[in-house]
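Novice: Provided herewith: coords-v6.cif, mmCIF, C-alpha atoms.
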```
data_my_file
loop_
_atom_site.label_atom_id
_atom_site.label_comp_id
_atom_site.auth_asym_id
_atom_site.auth_seq_id
_atom_site.Cartn_x
_atom_site.Cartn_y
_atom_site.Cartn_z
CA MET Q 185 64.43 23.70 120.61
CA ASP Q 186 61.76 23.74 123.31
CA ILE Q 187 61.19 26.77 125.53
CA ASP Q 188 63.53 25.47 128.26
CA ALA Q 189 66.35 24.89 125.76
CA ARG Q 190 65.85 28.39 124.38
CA MET Q 191 65.87 29.87 127.87
CA SER Q 192 69.13 28.15 128.71
CA VAL Q 193 70.67 29.60 125.52
CA LEU Q 194 69.35 33.07 126.38
CA GLU Q 195 70.49 33.07 130.01
CA ARG Q 196 74.07 32.58 128.86
CA SER Q 197 73.95 35.64 126.58
CA PRO Q 198 75.27 38.95 127.94
CA PHE Q 199 72.17 40.62 126.46
CA PHE Q 200 70.11 38.74 129.07
CA ALA Q 201 72.55 39.21 131.99
CA SER Q 202 70.62 39.72 135.28
CA ALA Q 203 67.32 39.07 133.47
CA ASP Q 204 64.69 37.27 135.58
CA ARG Q 205 62.88 34.10 134.50
CA ASP Q 206 59.83 36.01 133.24
CA THR Q 207 62.03 38.01 130.89
CA LEU Q 208 63.82 34.89 129.63
CA LYS Q 209 60.52 33.07 129.17
CA HIS Q 210 58.93 36.00 127.33
CA ALA Q 211 61.96 36.26 125.01
CA ALA Q 212 62.08 32.48 124.44
CA GLU Q 213 58.37 32.34 123.59
CA THR Q 214 58.51 35.21 121.11
CA ALA Q 215 61.65 33.96 119.29
CA SER Q 216 61.82 32.01 116.03
CA GLU Q 217 64.64 29.67 115.04
CA LEU Q 218 66.90 29.76 112.01
CA PRO Q 219 69.52 27.01 111.62
CA ILE Q 220 72.61 28.14 109.68
CA ALA Q 221 75.02 26.05 107.61
CA LYS Q 222 78.68 26.87 107.01
CA GLU Q 223 79.03 29.75 104.45
CA ASP Q 224 75.36 30.83 104.87
CA GLN Q 225 74.74 34.58 104.98
CA ILE Q 226 72.17 35.40 107.66
CA PHE Q 227 71.39 38.69 105.92
CA ARG Q 228 73.23 41.07 103.59
CA GLN Q 229 74.82 44.43 104.20
CA GLY Q 230 72.50 47.23 103.03
CA GLU Q 231 69.27 45.27 103.47
CA GLU Q 232 66.49 46.73 105.58
CA ALA Q 233 67.01 45.56 109.19
CA SER Q 234 63.78 43.70 109.92
CA TYR Q 235 65.08 40.97 112.24
CA SER Q 236 67.50 40.83 115.11
CA TYR Q 237 69.34 37.57 115.79
CA LEU Q 238 71.06 35.86 118.70
CA LEU Q 239 73.61 33.16 117.96
CA ALA Q 240 72.65 30.05 120.00
CA TRP Q 241 75.62 28.02 118.87
CA GLY Q 242 78.18 28.09 116.07
CA ARG Q 243 80.48 30.84 114.92
CA VAL Q 244 79.87 33.77 112.59
CA ARG Q 245 82.18 36.20 110.79
CA LEU Q 246 80.95 39.75 110.32
CA ASP Q 247 82.06 41.03 106.88
CA GLN Q 248 81.79 44.55 105.60
CA THR Q 249 82.33 45.57 101.98
CA THR Q 250 83.88 49.00 101.54
CA SER Q 251 82.73 51.46 98.86
CA ASP Q 252 85.74 50.48 96.70
CA GLY Q 253 84.83 46.79 96.89
CA ARG Q 254 87.30 45.57 99.51
CA ASN Q 255 86.13 43.08 102.11
CA VAL Q 256 86.92 43.79 105.75
CA VAL Q 257 86.36 41.40 108.64
CA ILE Q 258 84.74 43.45 111.40
CA ARG Q 259 84.77 40.76 114.09
CA TYR Q 260 83.93 37.18 114.94
CA LEU Q 261 80.81 36.27 116.87
CA GLY Q 262 80.20 33.29 119.13
CA PRO Q 263 77.37 31.75 121.15
CA GLY Q 264 75.30 34.37 122.98
CA ASP Q 265 76.30 37.23 120.68
CA LEU Q 266 73.68 39.47 119.10
CA ILE Q 267 73.57 39.98 115.34
CA GLY Q 268 71.90 42.94 113.64
CA THR Q 269 70.32 44.26 116.83
CA VAL Q 270 71.77 47.76 116.72
CA ALA Q 271 70.60 48.24 113.11
CA VAL Q 272 67.12 47.02 114.05
CA LEU Q 273 66.86 49.35 117.04
CA ARG Q 274 68.21 52.32 115.06
CA ARG Q 275 65.97 51.50 112.04
CA LYS Q 276 69.02 51.64 109.77
CA PRO Q 277 70.03 49.14 107.05
CA TYR Q 278 72.26 46.28 108.21
CA PRO Q 279 75.86 47.65 108.21
CA ALA Q 280 77.56 44.30 107.54
CA THR Q 281 76.99 40.72 106.37
CA PRO Q 282 77.21 37.88 108.91
CA VAL Q 283 78.61 34.67 107.38
CA ALA Q 284 78.52 31.34 109.23
CA VAL Q 285 82.03 29.87 109.57
CA GLU Q 286 80.55 26.65 110.92
CA ASP Q 287 77.07 25.12 111.22
CA GLY Q 288 75.00 26.67 113.96
CA MET Q 289 71.64 27.90 115.19
CA THR Q 290 70.17 31.35 115.68
CA LEU Q 291 67.11 32.67 117.48
CA PHE Q 292 65.52 35.76 115.95
CA TRP Q 293 62.86 38.36 116.63
CA SER Q 294 61.13 40.86 114.34
CA ALA Q 295 61.93 44.54 114.93
CA GLU Q 296 58.47 45.02 116.53
CA LYS Q 297 58.88 42.06 118.89
CA LYS Q 298 62.37 43.15 119.87
CA ALA Q 299 61.18 46.71 120.63
CA MET Q 300 58.30 45.27 122.67
CA LEU Q 301 60.65 42.99 124.66
CA ILE Q 302 62.97 45.87 125.52
CA ALA Q 303 60.05 48.10 126.50
CA ALA Q 304 58.64 45.36 128.76
CA HIS Q 305 61.99 44.46 130.35
CA PRO Q 306 64.21 47.53 130.88
CA VAL Q 307 67.14 45.36 132.03
CA LEU Q 308 67.58 44.53 128.32
CA ALA Q 309 68.03 48.21 127.48
CA THR Q 310 70.73 48.51 130.13
CA ASN Q 311 72.43 45.40 128.76
CA ALA Q 312 72.25 46.75 125.20
CA ILE Q 313 74.04 49.93 126.30
CA GLU Q 314 76.68 47.83 128.09
CA LEU Q 315 77.20 45.71 124.96
CA THR Q 316 77.46 48.59 122.51
CA GLY Q 317 79.81 50.32 124.95
CA SER Q 318 82.13 47.32 125.10
CA ARG Q 319 82.16 46.99 121.30
CA LEU Q 320 83.02 50.66 121.03
CA GLU Q 321 85.85 50.16 123.49
CA GLU Q 322 87.21 47.24 121.45
CA LEU Q 323 87.09 49.31 118.25
CA GLN Q 324 88.88 52.21 119.94
CA GLU Q 325 91.55 49.77 121.07
CA ARG Q 326 91.99 48.52 117.50
CA LEU Q 327 92.12 52.04 116.13
CA ARG Q 328 94.79 53.00 118.66
CA GLU Q 329 96.85 49.91 117.75
CA VAL Q 330 96.67 50.68 114.02
CA ALA Q 331 97.73 54.27 114.62
CA THR Q 332 100.58 53.66 117.01
CA GLN Q 333 101.90 50.11 117.19
CA ARG Q 334 104.32 47.94 115.31
CA VAL Q 335 102.70 45.30 113.18
CA GLU Q 336 103.93 42.25 115.15
CA ARG Q 337 102.39 43.68 118.26
CA ARG Q 338 99.11 44.30 116.43
CA ILE Q 339 98.98 40.77 115.05
CA ALA Q 340 99.61 39.36 118.54
CA ALA Q 341 96.82 41.57 119.90
CA THR Q 342 94.46 40.33 117.18
CA LEU Q 343 95.16 36.72 118.16
CA LEU Q 344 94.73 37.50 121.87
CA ARG Q 345 91.34 39.05 121.15
CA GLN Q 346 90.24 35.76 119.56
CA VAL Q 347 91.56 33.90 122.64
CA ARG Q 348 89.66 36.20 125.00
CA HIS Q 349 86.54 35.58 122.94
CA ALA Q 350 86.73 31.84 122.33
CA GLY Q 351 90.05 30.39 123.54
CA ARG Q 352 90.13 26.72 124.51
CA ARG Q 353 92.78 24.79 126.38
CA VAL Q 354 94.22 21.83 124.46
CA GLU Q 355 97.17 19.62 125.32
CA GLU Q 356 99.72 21.61 123.29
CA GLY Q 357 98.55 25.04 124.41
CA VAL Q 358 95.66 27.41 123.78
CA GLU Q 359 93.57 26.84 120.67
CA ILE Q 360 91.58 29.39 118.67
CA PRO Q 361 88.77 26.92 117.95
CA PHE Q 362 87.71 28.03 114.49
CA THR Q 363 89.28 28.57 111.10
CA LEU Q 364 91.09 31.88 110.97
CA THR Q 365 92.92 32.38 107.67
CA ARG Q 366 95.99 34.54 107.26
CA GLY Q 367 93.93 36.83 105.00
CA GLU Q 368 91.38 37.28 107.77
CA ILE Q 369 94.08 38.02 110.34
CA ALA Q 370 95.47 40.61 107.89
CA GLU Q 371 92.07 42.29 107.61
CA LEU Q 372 91.52 42.25 111.38
CA THR Q 373 94.98 43.74 111.91
CA ALA Q 374 94.84 46.22 109.02
CA THR Q 375 98.00 44.92 107.41
CA THR Q 376 98.93 42.83 104.35
CA LEU Q 377 98.64 39.09 103.86
CA HIS Q 378 102.38 39.01 103.18
CA THR Q 379 103.20 40.58 106.54
CA VAL Q 380 100.91 38.17 108.40
CA SER Q 381 102.41 35.15 106.62
CA ARG Q 382 105.96 36.30 107.36
CA THR Q 383 105.17 37.02 111.03
CA LEU Q 384 103.29 33.76 111.66
CA ALA Q 385 106.03 31.75 109.94
CA ALA Q 386 108.61 33.36 112.24
CA TRP Q 387 106.45 32.60 115.28
CA GLU Q 388 106.01 28.97 114.18
CA GLN Q 389 109.80 28.73 113.89
CA GLU Q 390 110.16 30.10 117.41
CA GLY Q 391 107.58 27.60 118.67
CA ILE Q 392 105.14 30.29 119.73
CA LEU Q 393 102.36 28.92 117.51
CA SER Q 394 101.42 25.86 115.59
CA GLY Q 395 98.96 25.76 112.69
CA LYS Q 396 98.72 22.03 112.39
CA ARG Q 397 95.61 21.26 114.41
CA ALA Q 398 92.79 20.99 111.81
CA SER Q 399 93.60 24.47 110.45
CA HIS Q 400 93.06 25.95 113.91
CA LEU Q 401 95.87 28.01 115.39
CA VAL Q 402 97.29 26.73 118.65
CA ILE Q 403 99.35 29.11 120.75
CA THR Q 404 102.04 26.90 122.18
CA LYS Q 405 103.84 29.67 124.11
CA PRO Q 406 100.96 31.80 125.45
CA HIS Q 407 103.19 33.82 127.74
CA ARG Q 408 105.49 34.81 124.88
CA LEU Q 409 102.57 35.98 122.72
CA VAL Q 410 101.31 38.20 125.55
CA GLU Q 411 104.84 39.65 125.86
CA ILE Q 412 104.89 40.47 122.14
CA ALA Q 413 101.44 42.09 122.38
CA GLU Q 414 102.58 44.25 125.29
CA GLN Q 415 106.10 45.24 124.28
CA GLU Q 416 106.72 48.92 123.69
CA MET O 52 92.28 20.71 155.13
CA PRO O 53 93.34 18.33 152.35
CA GLU O 54 96.05 19.80 150.16
CA PHE O 55 94.99 19.86 146.54
CA ALA O 56 97.22 20.12 143.51
CA LEU O 57 97.68 23.87 143.19
CA GLU O 58 100.34 23.43 140.52
CA ASN O 59 97.82 21.84 138.12
CA THR O 60 95.16 24.46 138.73
CA MET O 61 94.67 27.14 136.08
CA VAL O 62 96.03 30.49 137.24
CA GLY O 63 92.74 32.13 136.19
CA GLU O 64 90.82 29.77 138.49
CA ILE O 65 93.15 30.50 141.41
CA LEU O 66 92.67 34.26 140.91
CA GLU O 67 88.92 33.87 140.61
CA ARG O 68 88.51 31.68 143.70
CA TRP O 69 90.94 33.63 145.86
CA PRO O 70 91.19 37.21 144.52
CA LYS O 71 93.73 38.07 147.23
CA THR O 72 96.30 35.81 145.55
CA ALA O 73 96.79 38.69 143.08
CA VAL O 74 98.99 40.21 145.82
CA ALA O 75 101.36 37.23 145.63
CA PHE O 76 101.52 37.23 141.82
CA ASN O 77 102.16 40.97 141.72
CA ARG O 78 104.92 40.73 144.33
CA LEU O 79 106.60 37.93 142.39
CA GLY O 80 106.55 40.07 139.24
CA MET O 81 104.06 37.76 137.53
CA ALA O 82 101.60 39.68 135.36
CA CYS O 83 98.89 37.01 135.74
CA PRO O 84 96.07 39.12 137.24
CA GLY O 85 93.99 40.32 134.31
CA CYS O 86 96.01 38.40 131.71
CA VAL O 87 94.06 36.91 128.78
CA MET O 88 96.03 33.67 129.09
CA ALA O 89 95.57 33.16 132.85
CA PRO O 90 92.48 30.92 132.42
CA PHE O 91 94.48 28.63 130.12
CA MET O 92 97.77 28.17 132.00
CA THR O 93 98.39 26.10 135.10
CA LEU O 94 100.43 27.53 137.96
CA ASP O 95 103.24 25.15 136.98
CA GLU O 96 103.25 26.43 133.38
CA ALA O 97 103.13 30.05 134.52
CA CYS O 98 106.16 29.46 136.78
CA LYS O 99 108.06 27.88 133.88
CA ALA O 100 107.20 30.84 131.61
CA TYR O 101 108.67 33.21 134.21
CA GLY O 102 111.56 30.93 135.15
CA LEU O 103 110.42 30.87 138.79
CA ASP O 104 110.52 28.04 141.28
CA LEU O 105 107.11 26.37 141.60
CA THR O 106 107.50 25.50 145.28
CA LYS O 107 108.29 29.09 146.24
CA VAL O 108 105.49 30.53 144.11
CA ALA O 109 102.95 27.98 145.37
CA SER O 110 103.78 28.73 148.99
CA ALA O 111 103.49 32.50 148.39
CA VAL O 112 100.14 31.93 146.69
CA ARG O 113 98.91 29.69 149.54
CA GLN O 114 99.65 32.44 152.06
CA ASN O 115 96.93 34.45 150.33
CA ILE O 116 94.42 31.61 150.44
CA GLY O 117 92.27 31.60 153.58
CA PRO O 118 92.05 28.50 155.81
CA ALA O 119 88.37 27.73 155.20
CA THR O 120 88.84 26.96 151.53
CA PRO O 121 86.42 24.68 149.70
CA ASP O 122 88.15 21.77 148.02
CA ARG O 123 86.40 22.31 144.69
CA PRO O 124 85.30 25.51 142.96
CA LYS O 125 81.77 26.60 143.77
CA GLU O 126 79.31 25.29 141.20
CA GLU O 127 76.45 27.74 141.68
CA LYS O 128 76.08 30.57 139.21
#
```
Would it be possible to restate this file's structure as structure tokens?
Specialist:
Amino acid sequence: MDIDARMSVLERSPFFASADRDTLKHAAETASELPIAKEDQIFRQGEEASYSYLLAWGRVRLDQTTSDGRNVVIRYLGPGDLIGTVAVLRRKPYPATPVAVEDGMTLFWSAEKKAMLIAAHPVLATNAIELTGSRLEELQERLREVATQRVERRIAATLLRQVRHAGRRVEEGVEIPFTLTRGEIAELTATTLHTVSRTLAAWEQEGILSGKRASHLVITKPHRLVEIAEQE
Amino acid sequence: MPEFALENTMVGEILERWPKTAVAFNRLGMACPGCVMAPFMTLDEACKAYGLDLTKVASAVRQNIGPATPDRPKEEK
């Protein structure tokens, strides 16, 4: 990518919201590129956080392994999202492993360069606070759902979060434009694979969803799914 | 002003271009303002989901759209 292409990637990222051209140019010039292929791990949980990444295009799943060896999907990341930045800024080991779910491209900066960028352009510090705040809010929402809500409602909320993040209109309805397995939905919802399979099968029967489009879920009755997510 | 096809416009786009239309949706009992699905459903589809008459909804929505309305959404950032 040339500098202009990098700048147009950066200006679409919330981390660079309200940043002026000098900031974008400085960040574009100090970045390096790392293409990622499907299934690639950008780094591994527990490694020293030396680089902070920004996803230019593609889609990445953030996996965390628990102390008893279970894998948990933390969230999905899309274009413009930051990867590993909080660990870099806090000088802590990476807390999770990002895995590419499709081919893509990342821009990355060393910890020193990232710290220098933020020091030179305080708008980035404000944006970083905004971003960590909104992630915290999303996690609190998930925690509240797990503690208080019926499982159908939680599964619907999990799907709606993917729509909010990456939803795309297709002829039959609203598509979640990446592979999302039932096992992954179970992890994101904190329930069992069996429960997810049973619930999705019932929803397919009702015509709320369809799983036929290249393994992508299509929500064919969006209004109904919102109702399920909001019912008491 | 040329009439454009409001029924084929995404509800999210209507709410973004004319924020005051939220008043009409709220009054009609349509929970579109703030809904995750609003950017993906046309006004026609939203009416069908609620079992409401498109003509009535469209005219209520139009009442909250000012006269000097651009024909296309603004392109600038």
Novice: Under the PyMOL selection byres ((chain O) within 7 of (chain Q)), which residues of this model are included? Write them out as a ChimeraX atom specification.
Specialist: /O:87-88,91,100
Novice: What does the distance between CA of Ala215 (chain Q) and CA of Ala303 (chain Q) come to in Å, to one decimal place?
Specialist: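 These atoms are spaced 16.0 Å apart.
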Novice: Quick one: distance from CA of Leu343 (chain Q) to CA of Gly367 (chain Q) in Å, one decimal?
Specialist: 13.2 Å
Novice: Translate the PyMOL selection byres ((chain O and resi 116) around 10) into a concrete residue list for this structure, as a VMD selection string.
Specialist: chain O and resid 65 68 to 72 110 to 115 117 to 120
Novice: Evaluated on this file, the PyMOL selection byres ((chain Q and resi 281) around 6) picks out some residues - which ones are they, written as an NGL selection string?
Specialist: :Q and (227-229 or 246-247 or 280 or 282)
Novice: Do you know which residues are at most 12 Å from Arg328 (chain Q) counting only C-alpha atoms, after dropping those on the same chain fewer than 5 positions away, and could you put them as a ChimeraX atom specification?
Specialist: /Q:321-323,333-334,338,341,373-374
